[in-house]
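Enquirer: Next up is a structure, given as structure tokens.
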Amino acid sequence: MPAPPRNRYRSRRRSASEQPLGGLLQRWYQQLAVYRFERRWLLLLLPLLLLLAAGWWLADPHHLPLRQVVVEGSLERVDRQQLQQQLLPLLNVGFLFLDMAALQQQVAAQRWVRRALLRRIWPDTLVVQIEEQQPIAQWYDGDLLNDSGERFDGRGVELTTTLPLLTGPDASERLILERYRELQRLLVPLNSRITALTLSARGAWSLQLDNGIEVVLGRESLEERLLRLVRVWQHHLRSRVAMIERLDLRYTNGFAVRWRAGVSPSGSGA
């Protein structure tokens, strides 16, 4: 016979409530694991989303604009305002996204810039520190030389002082400048200044003094030959400077003197 309805009701009630404890714990752990997994991904994604939002905000140059460019240095030939105008096309990207390499290249390309140092100062300033070229000699092709023998374009520039003219093969600029300094030091007792120094393709040296005298040195023993000239100069040539056109020092025990046209060693007309 079928069981009474009351017994069926009790059976259904027991089957719904009498769950094993292990099964309940397993279900709770699975739900907790899903929750932790979702929370962990949320914690990982949230900073990334914040960074993306911050990057999008900062990428707009209107939020962190560059407001001023400060050009520092003792400048005589570099035009500060002109330089600032040339940099403007590279400055409209905002403070954080400045292309410092391109800016450095733009500044270094200026004719009279020897070195340039660029730095950013938070939150809106670019500082350009410039060391200007200081010419100490002229190169024969119109370029100028700085104190390291480096060439730079100085054509079309009016110089305030007369610089010595150096002439020689390509890539010999530093060598000739160093030799110029050495020879000028030896000529101090003559109270004369070298106005031109030439190194020929065969390695022979010659120079011009500010009194108009040409001095031929040759290829070797330059210091020894100049010292010999200095010793003789004080006693025999100092009073006859205006008569001398050329001194040839390429001799073992002396040198040759070419007198100017129209004069003689005695000072009378030839």
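Residue names in the structure tokens use chain letters A, B, ... in the order shown, residue numbers from 1 in each chain, and ligand numbers from 1 in the order shown.
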List as JSON, numbers by chain the protein and nucleic acid residues near Val230 of chain A, meaning an atom at most 12 Å away when only C-alpha atoms are counted, but skip any in the same chain fewer than 6 places from it.
Expert: {"A": [183, 185, 186, 187, 188, 189, 190, 191, 192, 223, 224, 236, 237, 238, 249, 254, 255]}
Enquirer: Give me the segment 91-178 of chain A side of the contact with segment 69-80 of chain A, cut-off 6 Å, one line per residue showing its nearest atom pair and distance in Å at one decimal, counting only C-alpha atoms, sorted by chain and residue number, as JSON lines.
Expert:
{"residue": "A:Thr125", "atom": "CA", "partner": "A:Val69", "partner_atom": "CA", "distance": 5.9}
{"residue": "A:Leu126", "atom": "CA", "partner": "A:Val69", "partner_atom": "CA", "distance": 4.9}
{"residue": "A:Val127", "atom": "CA", "partner": "A:Val70", "partner_atom": "CA", "distance": 4.8}
{"residue": "A:Val128", "atom": "CA", "partner": "A:Val71", "partner_atom": "CA", "distance": 4.7}
{"residue": "A:Gln129", "atom": "CA", "partner": "A:Glu72", "partner_atom": "CA", "distance": 4.6}
{"residue": "A:Ile130", "atom": "CA", "partner": "A:Gly73", "partner_atom": "CA", "distance": 5.2}
Enquirer: Taking the chain letters and numbering used in this document, name the residues of segment 34-173 of chain A that DSSP puts in helix (DSSP H, G or I), as a PyMOL selection string.
Expert: chain A and resi 34-58+80-90+100-108+173
Enquirer: Selected residues, C-alpha atoms, written as an mmCIF file, in the first residue's frame, please.
Expert:
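Once everything was written out, this is again11.cif:
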data_model
loop_
_atom_site.group_PDB
_atom_site.id
_atom_site.type_symbol
_atom_site.label_atom_id
_atom_site.label_comp_id
_atom_site.auth_asym_id
_atom_site.auth_seq_id
_atom_site.Cartn_x
_atom_site.Cartn_y
_atom_site.Cartn_z
ATOM 1 C CA VAL A 34 35.421 32.556 -7.589
ATOM 2 C CA TYR A 35 35.049 35.716 -5.508
ATOM 3 C CA ARG A 36 38.774 35.834 -4.738
ATOM 4 C CA PHE A 37 39.669 35.234 -8.377
ATOM 5 C CA GLU A 38 37.419 38.046 -9.543
ATOM 6 C CA ARG A 39 38.742 40.340 -6.803
ATOM 7 C CA ARG A 40 42.364 39.561 -7.660
ATOM 8 C CA TRP A 41 41.820 40.421 -11.307
ATOM 9 C CA LEU A 42 40.009 43.552 -10.284
ATOM 10 C CA LEU A 43 42.950 44.583 -8.094
ATOM 11 C CA LEU A 44 45.316 43.958 -10.981
ATOM 12 C CA LEU A 45 43.256 45.787 -13.565
ATOM 13 C CA LEU A 46 42.401 48.782 -11.434
ATOM 14 C CA PRO A 47 45.956 50.236 -11.275
ATOM 15 C CA LEU A 48 46.374 49.596 -14.979
ATOM 16 C CA LEU A 49 43.179 51.442 -15.730
ATOM 17 C CA LEU A 50 44.287 54.276 -13.488
ATOM 18 C CA LEU A 51 47.641 54.464 -15.272
ATOM 19 C CA LEU A 52 45.968 54.506 -18.647
ATOM 20 C CA ALA A 53 43.650 57.261 -17.523
ATOM 21 C CA ALA A 54 46.561 59.256 -16.090
ATOM 22 C CA GLY A 55 48.588 58.783 -19.285
ATOM 23 C CA TRP A 56 45.661 59.887 -21.422
ATOM 24 C CA TRP A 57 45.270 62.980 -19.237
ATOM 25 C CA LEU A 58 48.965 63.839 -19.232
ATOM 26 C CA ARG A 80 68.430 83.878 -27.579
ATOM 27 C CA GLN A 81 65.077 84.915 -29.024
ATOM 28 C CA GLN A 82 65.828 83.414 -32.414
ATOM 29 C CA LEU A 83 66.825 80.141 -30.776
ATOM 30 C CA GLN A 84 63.612 80.049 -28.755
ATOM 31 C CA GLN A 85 61.570 80.585 -31.920
ATOM 32 C CA GLN A 86 63.379 77.726 -33.667
ATOM 33 C CA LEU A 87 62.577 75.390 -30.791
ATOM 34 C CA LEU A 88 58.853 76.207 -30.678
ATOM 35 C CA PRO A 89 57.711 73.451 -33.105
ATOM 36 C CA LEU A 90 59.209 70.849 -30.738
ATOM 37 C CA MET A 100 65.015 65.945 -25.592
ATOM 38 C CA ALA A 101 67.236 64.290 -28.234
ATOM 39 C CA ALA A 102 65.636 66.320 -31.047
ATOM 40 C CA LEU A 103 65.896 69.502 -28.998
ATOM 41 C CA GLN A 104 69.560 68.794 -28.252
ATOM 42 C CA GLN A 105 70.244 68.277 -31.949
ATOM 43 C CA GLN A 106 68.442 71.484 -32.883
ATOM 44 C CA VAL A 107 70.444 73.567 -30.406
ATOM 45 C CA ALA A 108 73.784 71.956 -31.286
ATOM 46 C CA GLU A 173 93.989 71.582 -37.689
#
Enquirer: Please provide the set of residues having any atom within 7 Å of segment 94-98 of chain A, restricted to only C-alpha atoms, with same-chain residues fewer than 4 positions apart removed, written as a ChimeraX atom specification.
Expert: /A:61,64-66,124
Enquirer: If you measure from atom CA of Ala171 of chain A to atom CA of Gln110 of chain A, what distance in Å do you get, rounded to one decimal?
Expert: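 Going from atom CA of Ala171 of chain A over to atom CA of Gln110 of chain A covers 22.3 Å.
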Enquirer: Could you name the residues that touch Val241 of chain A at 9 Å or less, counting only C-alpha atoms, but leaving out those on the same chain fewer than 4 positions away, as a list in words?
Expert: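 So the residues in contact are Asn211, Ile213, Leu237 and Glu245 of chain A.
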Enquirer: When you count only C-alpha atoms, which of these residues is closest to Asp248 of chain A: A:Arg151, A:Arg193, A:Arg225, A:Arg114?
Expert: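 Comparing A:Arg151, A:Arg193, A:Arg225, A:Arg114 against Asp248 of chain A, the winner is A:Arg225.
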Enquirer: Identify, on the basis of only C-alpha atoms, every residue whose closest approach to segment 196-205 of chain A does not exceed 7 Å; exclude the query and any residue fewer than 2 positions from it along the same chain; express the result as a PyMOL selection string.
Expert: chain A and resi 164-169+180+194+207-208+216-219
Enquirer: So, counting only C-alpha atoms, which residue among A:Gly212, A:Gly149, A:Pro135, A:Gly142 is closest to Ile176 of chain A?
Expert: A:Gly149
Enquirer: Here is a test: counting only C-alpha atoms, which residue of A:Thr195, A:Gln184, A:Gln234, A:Ser239 is nearest to Thr161 of chain A?
Expert: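 Smallest distance to Thr161 of chain A is found for A:Thr195.
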Enquirer: One decimal, in Å: what's the spacing between atom CA of Asp147 of chain A and atom CA of Leu159 of chain A?
Expert: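 Distance reported for this atom pair: 16.0 Å.
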Enquirer: Quick one: pick out all strand (DSSP E) residues within segment 189-262 of chain A from a backbone DSSP run and write them as a ChimeraX atom specification.
Expert: /A:194-199,205-209,214-218,244-248,256-259
